[in-house]
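Source file: structure_5.tsv; contents: TSV, C-alpha atoms.
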```tsv
chain	number	residue	atom	x	y	z
A	1	MET	CA	168.45	19.12	-39.19
A	2	THR	CA	167.68	22.17	-37.11
A	3	VAL	CA	164.08	23.36	-37.50
A	4	VAL	CA	163.84	27.06	-38.32
A	5	LEU	CA	160.97	28.46	-36.28
A	6	SER	CA	158.66	30.95	-37.96
A	7	GLY	CA	159.23	34.49	-36.73
A	8	THR	CA	155.57	35.45	-37.19
A	9	GLU	CA	154.36	32.57	-35.01
A	10	ILE	CA	156.80	33.26	-32.20
A	11	ALA	CA	156.10	36.98	-32.44
A	12	GLY	CA	152.39	36.29	-31.98
A	13	LYS	CA	153.14	34.53	-28.70
A	14	LEU	CA	155.65	37.14	-27.63
A	15	ARG	CA	153.14	39.95	-28.21
A	16	GLU	CA	150.90	38.48	-25.49
A	17	LYS	CA	153.76	38.73	-23.01
A	18	PHE	CA	155.56	41.82	-24.30
A	19	PRO	CA	153.03	44.13	-25.96
A	20	GLU	CA	154.47	47.18	-27.74
A	21	SER	CA	158.00	45.81	-27.88
A	22	ILE	CA	157.90	43.99	-31.24
A	23	ILE	CA	158.24	46.26	-34.25
A	24	ASP	CA	158.02	43.76	-37.07
A	25	ALA	CA	157.87	40.03	-37.62
A	26	LYS	CA	158.41	38.00	-40.76
A	27	PRO	CA	158.82	34.24	-41.13
A	28	GLN	CA	162.56	34.86	-41.33
A	29	PHE	CA	163.06	37.07	-38.29
A	30	ILE	CA	161.62	39.08	-35.42
A	31	LEU	CA	162.51	42.76	-35.08
A	32	VAL	CA	162.33	44.06	-31.54
A	33	LYS	CA	162.89	47.41	-29.83
A	34	PRO	CA	166.40	47.74	-28.40
A	35	GLU	CA	165.18	48.67	-24.90
A	36	SER	CA	163.21	45.42	-24.62
A	37	LEU	CA	165.85	43.23	-26.30
A	38	LEU	CA	167.25	41.95	-23.02
A	39	GLU	CA	163.96	40.86	-21.47
A	40	ILE	CA	162.80	39.18	-24.68
A	41	ALA	CA	166.17	37.43	-25.03
A	42	THR	CA	166.02	36.32	-21.39
A	43	PHE	CA	162.52	34.96	-21.94
A	44	LEU	CA	163.52	33.11	-25.12
A	45	LYS	CA	166.50	31.60	-23.33
A	46	ASP	CA	164.65	30.50	-20.19
A	47	ALA	CA	161.15	29.55	-21.41
A	48	PRO	CA	160.97	25.73	-21.43
A	49	GLU	CA	159.19	25.58	-24.82
A	50	TYR	CA	161.93	27.65	-26.57
A	51	LYS	CA	165.09	27.27	-24.48
A	52	PHE	CA	167.47	29.07	-26.87
A	53	ASN	CA	170.56	28.15	-24.89
A	54	TYR	CA	173.05	28.60	-27.73
A	55	LEU	CA	173.92	31.84	-29.52
A	56	THR	CA	175.24	30.89	-32.95
A	57	SER	CA	176.32	34.38	-33.96
A	58	VAL	CA	175.89	38.08	-33.42
A	59	THR	CA	176.54	40.44	-36.28
A	60	ALA	CA	175.50	43.90	-37.38
A	61	VAL	CA	174.73	45.65	-40.66
A	62	ASP	CA	175.01	49.28	-41.71
A	63	TYR	CA	171.79	50.30	-43.52
A	64	TYR	CA	172.86	53.96	-43.96
A	65	ASP	CA	169.99	55.32	-41.81
A	66	TYR	CA	170.45	52.93	-38.91
A	67	PHE	CA	172.50	49.98	-37.70
A	68	GLU	CA	170.86	46.60	-37.31
A	69	ALA	CA	172.16	43.91	-34.99
A	70	VAL	CA	171.30	40.30	-35.87
A	71	TYR	CA	171.21	37.51	-33.31
A	72	HIS	CA	171.07	33.90	-34.48
A	73	LEU	CA	169.62	31.81	-31.66
A	74	THR	CA	169.65	28.03	-31.50
A	75	SER	CA	168.26	25.59	-28.99
A	76	ILE	CA	170.39	22.52	-28.49
A	77	ASP	CA	167.65	20.83	-26.44
A	78	HIS	CA	164.85	21.33	-28.98
A	79	ASN	CA	167.06	21.57	-32.07
A	80	HIS	CA	165.35	24.67	-33.45
A	81	SER	CA	166.55	28.16	-34.32
A	82	LEU	CA	165.33	31.75	-34.60
A	83	VAL	CA	166.67	35.07	-35.85
A	84	LEU	CA	166.25	38.11	-33.63
A	85	LYS	CA	167.00	41.62	-34.85
A	86	THR	CA	167.16	45.04	-33.31
A	87	ARG	CA	168.06	48.52	-34.51
A	88	CYS	CA	169.83	51.57	-33.21
A	89	ALA	CA	170.13	55.07	-34.60
A	90	ARG	CA	173.29	56.01	-36.46
A	91	GLU	CA	173.69	59.12	-34.31
A	92	LYS	CA	173.48	57.18	-31.06
A	93	PRO	CA	174.85	53.67	-31.71
A	94	VAL	CA	174.15	52.02	-28.36
A	95	LEU	CA	172.65	48.59	-27.75
A	96	PRO	CA	172.33	46.38	-24.67
A	97	SER	CA	174.89	43.61	-24.33
A	98	VAL	CA	173.73	39.99	-24.18
A	99	VAL	CA	176.99	38.64	-22.74
A	100	ARG	CA	175.37	37.93	-19.39
A	101	LEU	CA	172.94	35.61	-21.21
A	102	TRP	CA	175.29	34.03	-23.74
A	103	GLN	CA	179.03	34.07	-23.16
A	104	ALA	CA	179.51	33.54	-26.92
A	105	ALA	CA	178.54	37.16	-27.54
A	106	ASP	CA	181.68	38.42	-25.82
A	107	LEU	CA	184.13	38.38	-28.73
A	108	GLN	CA	181.54	39.05	-31.43
A	109	GLU	CA	180.17	42.15	-29.72
A	110	ARG	CA	183.74	43.39	-29.43
A	111	GLU	CA	184.17	42.80	-33.16
A	112	ILE	CA	181.02	44.79	-33.93
A	113	TYR	CA	182.21	47.55	-31.61
A	114	ASP	CA	185.57	47.52	-33.40
A	115	LEU	CA	184.35	47.53	-37.01
A	116	LEU	CA	180.98	49.30	-36.78
A	117	GLY	CA	181.33	51.37	-33.64
A	118	ILE	CA	178.23	50.15	-31.81
A	119	THR	CA	178.62	50.40	-28.04
A	120	PHE	CA	177.23	47.46	-26.09
A	121	GLU	CA	176.09	48.57	-22.66
A	122	GLY	CA	176.88	46.06	-19.96
A	123	HIS	CA	179.72	44.36	-21.83
A	124	PRO	CA	182.46	43.36	-19.36
A	125	ASN	CA	185.43	44.14	-21.61
A	126	LEU	CA	184.41	46.35	-24.51
A	127	LYS	CA	187.55	47.27	-26.46
A	128	ARG	CA	188.90	46.80	-29.97
A	129	ILE	CA	189.63	43.19	-30.94
A	130	VAL	CA	190.66	43.04	-34.62
A	131	LEU	CA	192.27	46.45	-35.04
A	132	TRP	CA	194.72	48.06	-32.68
A	133	GLU	CA	194.07	50.65	-30.00
A	134	GLY	CA	194.35	54.11	-31.49
A	135	PHE	CA	192.93	53.19	-34.89
A	136	GLN	CA	190.80	56.02	-36.25
A	137	GLY	CA	187.24	55.22	-37.38
A	138	HIS	CA	185.22	52.06	-37.87
A	139	PRO	CA	186.01	50.42	-41.25
A	140	LEU	CA	182.78	48.50	-41.85
A	141	ARG	CA	180.67	51.68	-41.75
A	142	LYS	CA	179.50	52.68	-45.19
A	143	ASP	CA	180.89	56.19	-44.81
A	144	TYR	CA	184.39	55.00	-43.90
A	145	LEU	CA	186.98	56.06	-46.45
A	146	ALA	CA	189.98	53.75	-46.59
B	294	MET	CA	198.50	-22.51	-80.68
B	295	GLU	CA	202.04	-23.41	-81.47
B	296	VAL	CA	204.66	-22.72	-78.86
B	297	SER	CA	207.70	-21.00	-80.35
B	298	LYS	CA	211.08	-22.57	-79.81
B	299	PRO	CA	213.33	-21.10	-77.15
B	300	ARG	CA	216.04	-18.81	-78.49
B	301	ALA	CA	219.20	-20.77	-79.22
B	302	LEU	CA	222.09	-19.85	-76.94
B	303	VAL	CA	225.10	-18.28	-78.66
B	304	TYR	CA	227.48	-20.17	-76.42
B	305	SER	CA	227.18	-23.44	-74.68
B	306	GLU	CA	227.25	-23.31	-70.89
B	307	ALA	CA	230.80	-24.59	-70.81
B	308	GLU	CA	231.91	-21.79	-73.16
B	309	LEU	CA	230.16	-19.18	-70.96
B	310	ASP	CA	231.99	-20.47	-67.92
B	311	ARG	CA	235.31	-20.41	-69.75
B	312	ALA	CA	234.75	-16.79	-70.89
B	313	GLU	CA	233.90	-15.74	-67.34
B	314	GLY	CA	237.00	-17.52	-66.05
B	315	ALA	CA	239.14	-15.69	-68.57
B	316	VAL	CA	237.78	-12.28	-67.43
B	317	ILE	CA	238.59	-13.10	-63.82
B	318	GLU	CA	242.09	-14.34	-64.70
B	319	ASN	CA	242.81	-11.20	-66.72
B	320	LEU	CA	241.66	-8.91	-63.89
B	321	LYS	CA	243.66	-10.86	-61.34
B	322	ALA	CA	246.78	-10.75	-63.54
B	323	SER	CA	246.52	-6.96	-63.93
B	324	ALA	CA	245.82	-6.35	-60.22
B	325	GLN	CA	248.85	-7.84	-58.55
B	326	GLN	CA	249.97	-4.51	-57.04
B	327	PRO	CA	247.79	-1.98	-55.11
B	328	ILE	CA	246.98	1.26	-56.93
B	329	PRO	CA	249.29	3.94	-55.49
B	330	ASP	CA	247.81	6.94	-53.56
B	331	ARG	CA	247.92	10.09	-55.68
B	332	ASP	CA	248.99	12.21	-52.69
B	333	LYS	CA	251.61	9.70	-51.56
B	334	TRP	CA	254.36	12.29	-52.11
B	335	LEU	CA	252.82	14.54	-49.35
B	336	ASP	CA	253.93	13.91	-45.81
B	337	GLU	CA	251.42	12.66	-43.28
B	338	GLU	CA	250.42	15.94	-41.52
B	339	LEU	CA	250.06	17.94	-44.72
B	340	LYS	CA	247.94	15.32	-46.38
B	341	LYS	CA	245.16	15.51	-43.79
B	342	ASN	CA	244.99	19.21	-43.09
B	343	VAL	CA	245.48	21.40	-46.12
B	344	LEU	CA	242.69	22.66	-48.38
B	345	LEU	CA	243.37	25.72	-50.46
B	346	THR	CA	240.62	28.33	-50.96
B	347	THR	CA	239.83	31.94	-50.08
B	348	VAL	CA	238.15	32.86	-46.82
B	349	ASP	CA	235.29	34.55	-48.67
B	350	ALA	CA	234.60	31.52	-50.83
B	351	ALA	CA	234.63	29.15	-47.89
B	352	ILE	CA	232.42	31.29	-45.65
B	353	ASN	CA	229.98	32.16	-48.42
B	354	TRP	CA	229.78	28.51	-49.40
B	355	ALA	CA	228.98	27.55	-45.83
B	356	ARG	CA	226.43	30.32	-45.40
B	357	ARG	CA	224.53	29.80	-48.61
B	358	SER	CA	224.50	26.03	-48.30
B	359	SER	CA	222.81	25.94	-44.92
B	360	LEU	CA	220.13	28.60	-44.99
B	361	TRP	CA	217.87	27.79	-42.08
B	362	THR	CA	214.43	29.31	-42.32
B	363	THR	CA	212.51	30.87	-39.48
B	364	VAL	CA	208.75	30.71	-39.13
B	365	CYS	CA	206.91	33.69	-40.62
B	366	PHE	CA	203.82	32.28	-42.26
B	367	PRO	CA	200.93	34.68	-41.64
B	368	ALA	CA	198.75	33.59	-44.57
B	369	CYS	CA	198.09	31.23	-47.45
B	370	CYS	CA	201.53	31.33	-49.13
B	371	ALA	CA	202.57	29.16	-46.19
B	372	PHE	CA	200.96	26.16	-47.88
B	373	GLU	CA	203.04	26.68	-50.96
B	374	PHE	CA	206.08	26.91	-48.74
B	375	ILE	CA	205.10	23.69	-46.96
B	376	THR	CA	204.81	22.01	-50.37
B	377	THR	CA	208.26	23.32	-51.22
B	378	ALA	CA	209.60	21.82	-48.02
B	379	GLY	CA	207.84	18.53	-48.74
B	380	SER	CA	209.29	15.54	-50.52
B	381	ARG	CA	208.14	16.42	-54.04
B	382	PHE	CA	209.97	19.74	-54.36
B	383	ASP	CA	212.37	19.08	-51.53
B	384	ILE	CA	213.95	22.29	-50.29
B	385	SER	CA	216.57	20.19	-48.48
B	386	ARG	CA	218.46	19.87	-51.76
B	387	PHE	CA	219.67	23.38	-50.99
B	388	GLY	CA	220.56	22.71	-47.37
B	389	MET	CA	217.38	24.19	-45.96
B	390	GLU	CA	215.46	21.24	-44.64
B	391	ILE	CA	215.56	22.58	-41.09
B	392	ILE	CA	212.71	25.04	-40.50
B	393	ARG	CA	213.58	26.60	-37.18
B	394	ALA	CA	210.79	27.41	-34.75
B	395	SER	CA	213.23	29.72	-32.99
B	396	PRO	CA	214.45	32.77	-34.94
B	397	ARG	CA	217.66	32.68	-32.90
B	398	GLN	CA	218.80	29.63	-34.86
B	399	ALA	CA	217.73	30.87	-38.28
B	400	ASP	CA	219.37	33.06	-40.90
B	401	LEU	CA	216.65	33.29	-43.53
B	402	MET	CA	213.12	34.63	-43.22
B	403	ILE	CA	210.68	33.61	-45.96
B	404	THR	CA	207.73	35.93	-45.46
B	405	ALA	CA	204.91	33.75	-46.75
B	406	GLY	CA	201.75	35.78	-46.51
B	407	THR	CA	199.73	38.94	-46.01
B	408	LEU	CA	200.91	41.05	-43.12
B	409	THR	CA	198.51	43.21	-41.13
B	410	TRP	CA	199.65	46.22	-39.18
B	411	LYS	CA	198.52	44.51	-36.01
B	412	MET	CA	200.87	41.61	-36.75
B	413	ALA	CA	203.72	43.78	-38.01
B	414	PRO	CA	205.44	44.45	-34.64
B	415	ASN	CA	205.68	40.70	-34.04
B	416	VAL	CA	207.28	40.04	-37.43
B	417	LYS	CA	209.71	42.90	-36.84
B	418	ARG	CA	210.54	41.37	-33.49
B	419	ILE	CA	211.17	37.94	-35.03
B	420	TYR	CA	213.48	39.57	-37.56
B	421	ASP	CA	215.33	41.44	-34.84
B	422	GLN	CA	215.81	38.21	-32.90
B	423	MET	CA	217.57	36.52	-35.81
B	424	PRO	CA	221.37	36.60	-35.52
B	425	GLU	CA	223.50	38.24	-38.21
B	426	PRO	CA	224.06	37.51	-41.04
B	427	LYS	CA	220.40	37.26	-42.05
B	428	TRP	CA	218.43	37.49	-45.25
B	429	VAL	CA	214.78	37.94	-46.22
B	430	ILE	CA	212.84	36.52	-49.16
B	431	ALA	CA	209.50	38.28	-49.75
B	432	MET	CA	207.26	35.47	-50.99
B	433	GLY	CA	204.06	36.26	-52.89
B	434	ALA	CA	202.28	39.38	-54.07
B	435	CYS	CA	201.21	40.40	-50.56
B	436	ALA	CA	204.76	40.24	-49.25
B	437	VAL	CA	206.13	42.11	-52.26
B	438	SER	CA	203.62	44.96	-52.36
B	439	GLY	CA	200.53	44.18	-50.29
B	440	GLY	CA	198.96	42.44	-53.30
B	441	ILE	CA	195.23	42.83	-53.69
B	442	PHE	CA	195.04	44.17	-50.13
B	443	ARG	CA	197.44	47.01	-50.86
B	444	SER	CA	194.86	49.78	-50.37
B	445	SER	CA	193.36	48.20	-47.25
B	446	TYR	CA	193.37	50.08	-43.97
B	447	SER	CA	194.85	47.16	-42.08
B	448	VAL	CA	197.47	45.60	-44.39
B	449	VAL	CA	201.16	46.47	-44.63
B	450	PRO	CA	201.88	47.31	-48.30
B	451	GLY	CA	204.98	45.17	-48.65
B	452	TYR	CA	207.36	43.75	-46.05
B	453	ASN	CA	210.02	46.21	-47.10
B	454	ARG	CA	208.17	48.82	-45.05
B	455	ILE	CA	209.38	47.15	-41.87
B	456	ILE	CA	212.32	44.87	-42.73
B	457	PRO	CA	214.94	44.91	-45.52
B	458	VAL	CA	214.15	42.43	-48.30
B	459	ASP	CA	216.83	40.67	-50.40
B	460	VAL	CA	214.82	38.73	-52.97
B	461	TYR	CA	211.27	39.32	-54.19
B	462	VAL	CA	209.31	36.26	-55.39
B	463	PRO	CA	206.08	37.38	-57.10
B	464	GLY	CA	203.00	35.21	-57.62
B	465	CYS	CA	199.70	34.65	-55.89
B	466	PRO	CA	200.86	32.32	-54.54
B	467	PRO	CA	204.23	31.55	-56.19
B	468	ARG	CA	204.66	27.95	-57.26
B	469	PRO	CA	207.32	25.91	-55.45
B	470	GLU	CA	209.62	26.10	-58.50
B	471	ASN	CA	209.27	29.86	-58.31
B	472	LEU	CA	210.28	29.93	-54.67
B	473	LEU	CA	213.19	27.57	-55.31
B	474	TYR	CA	214.36	29.91	-58.08
B	475	GLY	CA	214.20	32.77	-55.59
B	476	ILE	CA	216.28	30.77	-53.14
B	477	ARG	CA	218.85	30.04	-55.87
B	478	LEU	CA	219.00	33.78	-56.61
B	479	LEU	CA	219.59	34.49	-52.94
B	480	GLN	CA	222.37	31.90	-52.87
B	481	LYS	CA	224.02	33.60	-55.83
B	482	LYS	CA	223.69	36.90	-53.99
B	483	ILE	CA	225.32	35.46	-50.89
B	484	ALA	CA	228.13	34.01	-53.00
B	485	LYS	CA	229.08	37.56	-54.05
B	486	GLU	CA	229.37	38.89	-50.52
B	487	SER	CA	232.76	39.65	-49.07
B	488	LEU	CA	233.95	39.81	-45.49
B	489	MET	CA	236.27	42.71	-46.28
B	490	LYS	CA	233.54	44.79	-47.87
B	491	SER	CA	231.07	44.21	-45.09
B	492	SER	CA	233.69	45.07	-42.46
B	493	GLN	CA	234.38	48.37	-44.23
B	494	ALA	CA	230.71	49.25	-44.49
```
Here is a file; write its structure as structure tokens.
Amino acid sequence: MTVVLSGTEIAGKLREKFPESIIDAKPQFILVKPESLLEIATFLKDAPEYKFNYLTSVTAVDYYDYFEAVYHLTSIDHNHSLVLKTRCAREKPVLPSVVRLWQAADLQEREIYDLLGITFEGHPNLKRIVLWEGFQGHPLRKDYLA
Amino acid sequence: MEVSKPRALVYSEAELDRAEGAVIENLKASAQQPIPDRDKWLDEELKKNVLLTTVDAAINWARRSSLWTTVCFPACCAFEFITTAGSRFDISRFGMEIIRASPRQADLMITAGTLTWKMAPNVKRIYDQMPEPKWVIAMGACAVSGGIFRSSYSVVPGYNRIIPVDVYVPGCPPRPENLLYGIRLLQKKIAKESLMKSSQA
């Protein structure tokens, strides 16, 4: 069974390396600033003691005031997992893409872009995936009227 | 425990044999001549080649008795259709055991499932590729009206928005008996068609 690592413990270690970039940490997750998401994700992927080499899923949630992207990381080598979160403003929905780290993010970031309208900077092929080109609006936003 | 006696035979074995022999003798005595052909009075050519019917009846019979289905199974009603095609409900009783992967060899489309607008052009294309004459059975609530997804932004509210539908089979999903009843209705509908009427139209 995969061991779920405590977010507070990991965040304590991350704070030594990346001060100022962690907003919140609970046992369930770590919330980081969007501008430092990529370097923290790179560190978590490459550091030998964590080695999160497998991205289980990327998803996003509309919390009315902001959007929150959720990254489920798993290490196949160590058999442990961690949840990483980041937020972006509703007025400027832009986040960095993690496709260059985990290829698995490709389709899922496109899905988030399609249904929630978050732009992932650095994505190689960011276009709609579920709906068709020319569709108006982003249906999973809370203010979308069907 | 006492063993009961075996039931006494009505006849002795010799009597049984004699009765059997009598049956055979009687049959042989009454079968000395071959039974004459009923159409013996017809001459040879006529006997093999003439069958009287109307063109409509013959063509409609052929069409409705070999409805070949094309593949249009976008969602869960497909499983009910597969059950219908399986041995328990056995769609082949109605001449439809051949589910064609190619629409060019099919004349019936059973639309088993929810259709999204993104998928709709492909279904329209499959329908257009089917040769005439062709029929459509809308199977299930989603195919009839969009079902529970009717108000969704991405679902086509009924196949009749994009292709003409002949028979509607409601249900979510319809049971195989339900679908078979729909097929029987379609066959009755085909039986009423006429070549003359369709050529005038």
Selected residue of minimal separation from B:Gln398 among B:Thr377, B:Thr347, B:Thr363, B:Ser385, counting all atoms listed in the file: B:Thr363
Hey, could you make a per-residue contact list for chain B against chain A with 9 Å as the cut-off, showing the nearest pair of atoms and its distance in Å to one decimal, counting only C-alpha atoms, sorted by chain and number, as CSV?
```
residue,atom,partner,partner_atom,distance
B:Trp410,CA,A:Trp132,CA,8.4
B:Lys411,CA,A:Trp132,CA,6.2
B:Ser444,CA,A:Ala146,CA,7.3
B:Ser445,CA,A:Ala146,CA,6.5
B:Tyr446,CA,A:Ala146,CA,5.6
B:Ser447,CA,A:Leu131,CA,7.5
```
Straight-line distance linking atom CA of A:Phe18 with atom CA of A:Gly117, stated in Å to one decimal: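 That distance, rounded to one decimal, is 29.0 Å.
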Shell around A:Gly134 at 12 Å using all atoms listed in the file, local window under 6 positions removed, as a PyMOL selection string: (chain A and resi 114+127-128) or (chain B and resi 411)
For B:Ala413, the nearest of the candidates B:Ile456, B:Ala394, B:Ile430, B:Val348, counting only C-alpha atoms: B:Ile456
Test item: residues at most 10 Å from stretch 74-88 of chain A, only C-alpha atoms, excluding those fewer than 6 positions along its chain, as a ChimeraX atom specification: /A:1-7,10,22-25,27-37,40-41,44-45,48-61,63,65-68,94-95,118
Exercise: B:Pro424 partners within 9 Å, only C-alpha atoms, chain neighbours under 4 positions left out, as a PyMOL selection string: chain B and resi 396-400+420
Two-atom distance - atom CA of B:Thr404, atom CA of B:Glu486 (Å):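 Rounded to one decimal, the two atoms are 22.4 Å apart.
Minimum atom-to-atom distance to A:Glu39, evaluated using only C-alpha atoms, belongs to A:Val98 out of A:Ala89, A:Val98, A:Leu140, A:Ala69.
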All residues 6 Å or closer to stretch 449-453 of chain B, only C-alpha atoms, same chain fewer than 4 positions away omitted, as a ChimeraX atom specification: /B:408-410,436-439,443,457-458
Counting only C-alpha atoms, the option among A:Glu109, A:Glu16, A:Glu121, A:Asp62 closest to A:Asp143: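 Going through A:Glu109, A:Glu16, A:Glu121, A:Asp62 one by one, the smallest distance to A:Asp143 is for A:Asp62.
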Atomic distance atom CA of B:Asp349 - atom CA of B:Ile419, expressed in Å with one decimal: 27.9 Å
Non-local contacts of B:Gly475 (8 Å; all atoms listed in the file; under 2 positions in same chain excluded) as a PDB file with C-alpha atoms, in the coordinates of the input:
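As a result, out12.pdb now contains:
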```
ATOM      1  CA  ILE B 430     212.840  36.520 -49.160  1.00  0.00           C
ATOM      2  CA  VAL B 460     214.820  38.730 -52.970  1.00  0.00           C
ATOM      3  CA  TYR B 461     211.270  39.320 -54.190  1.00  0.00           C
ATOM      4  CA  VAL B 462     209.310  36.260 -55.390  1.00  0.00           C
ATOM      5  CA  ASN B 471     209.270  29.860 -58.310  1.00  0.00           C
ATOM      6  CA  LEU B 472     210.280  29.930 -54.670  1.00  0.00           C
ATOM      7  CA  LEU B 473     213.190  27.570 -55.310  1.00  0.00           C
ATOM      8  CA  ARG B 477     218.850  30.040 -55.870  1.00  0.00           C
ATOM      9  CA  LEU B 478     219.000  33.780 -56.610  1.00  0.00           C
ATOM     10  CA  LEU B 479     219.590  34.490 -52.940  1.00  0.00           C
TER      11      LEU B 479
END
```
Minimum-distance residue to A:Leu101, chosen among A:Gly12, A:Pro19, A:Gly137, A:Gly122 (using only C-alpha atoms):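 Result for the nearest residue to A:Leu101: A:Gly122.
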How about completing stretch 123-145 of chain A with N, CA and C atoms and giving it to me as a short mmCIF file (atom, residue, chain, number, x, y, z; two decimals), in the coordinates of the input?
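Below is the file selection26.cif, written as the result:
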```
data_model
loop_
_atom_site.label_atom_id
_atom_site.label_comp_id
_atom_site.auth_asym_id
_atom_site.auth_seq_id
_atom_site.Cartn_x
_atom_site.Cartn_y
_atom_site.Cartn_z
N HIS A 123 178.68 45.31 -21.44
CA HIS A 123 179.72 44.36 -21.83
C HIS A 123 180.88 44.45 -20.85
N PRO A 124 181.41 43.31 -20.39
CA PRO A 124 182.46 43.36 -19.36
C PRO A 124 183.81 43.88 -19.85
N ASN A 125 184.08 43.80 -21.14
CA ASN A 125 185.43 44.14 -21.61
C ASN A 125 185.34 44.69 -23.03
N LEU A 126 184.66 45.83 -23.16
CA LEU A 126 184.41 46.35 -24.51
C LEU A 126 185.60 47.17 -24.99
N LYS A 127 186.44 46.55 -25.83
CA LYS A 127 187.55 47.27 -26.46
C LYS A 127 187.80 46.63 -27.83
N ARG A 128 188.65 47.30 -28.62
CA ARG A 128 188.90 46.80 -29.97
C ARG A 128 189.48 45.39 -29.92
N ILE A 129 189.14 44.57 -30.94
CA ILE A 129 189.63 43.19 -30.94
C ILE A 129 190.41 42.88 -32.20
N VAL A 130 189.96 43.36 -33.37
CA VAL A 130 190.66 43.04 -34.62
C VAL A 130 191.71 44.11 -34.91
N LEU A 131 191.32 45.36 -34.79
CA LEU A 131 192.27 46.45 -35.04
C LEU A 131 192.94 46.83 -33.73
N TRP A 132 193.92 47.71 -33.85
CA TRP A 132 194.72 48.06 -32.68
C TRP A 132 194.15 49.30 -32.00
N GLU A 133 194.49 49.47 -30.74
CA GLU A 133 194.07 50.65 -30.00
C GLU A 133 194.67 51.88 -30.66
N GLY A 134 193.86 52.90 -30.85
CA GLY A 134 194.35 54.11 -31.49
C GLY A 134 193.98 54.21 -32.94
N PHE A 135 193.38 53.14 -33.50
CA PHE A 135 192.93 53.19 -34.89
C PHE A 135 191.77 54.18 -35.01
N GLN A 136 191.83 55.00 -36.08
CA GLN A 136 190.80 56.02 -36.25
C GLN A 136 189.65 55.46 -37.09
N GLY A 137 188.42 55.59 -36.59
CA GLY A 137 187.24 55.22 -37.38
C GLY A 137 186.85 53.76 -37.23
N HIS A 138 185.76 53.41 -37.92
CA HIS A 138 185.22 52.06 -37.87
C HIS A 138 185.04 51.58 -39.31
N PRO A 139 185.90 50.69 -39.80
CA PRO A 139 186.01 50.42 -41.25
C PRO A 139 184.78 49.80 -41.91
N LEU A 140 183.91 49.12 -41.16
CA LEU A 140 182.78 48.50 -41.85
C LEU A 140 181.60 49.46 -42.01
N ARG A 141 181.73 50.68 -41.49
CA ARG A 141 180.67 51.68 -41.75
C ARG A 141 180.73 52.11 -43.21
N LYS A 142 179.55 52.37 -43.76
CA LYS A 142 179.50 52.68 -45.19
C LYS A 142 180.19 54.00 -45.50
N ASP A 143 180.27 54.89 -44.52
CA ASP A 143 180.89 56.19 -44.81
C ASP A 143 182.37 56.20 -44.49
N TYR A 144 182.96 55.04 -44.20
CA TYR A 144 184.39 55.00 -43.90
C TYR A 144 185.19 55.05 -45.20
N LEU A 145 186.15 55.96 -45.26
CA LEU A 145 186.98 56.06 -46.45
C LEU A 145 188.35 55.47 -46.14
#
```
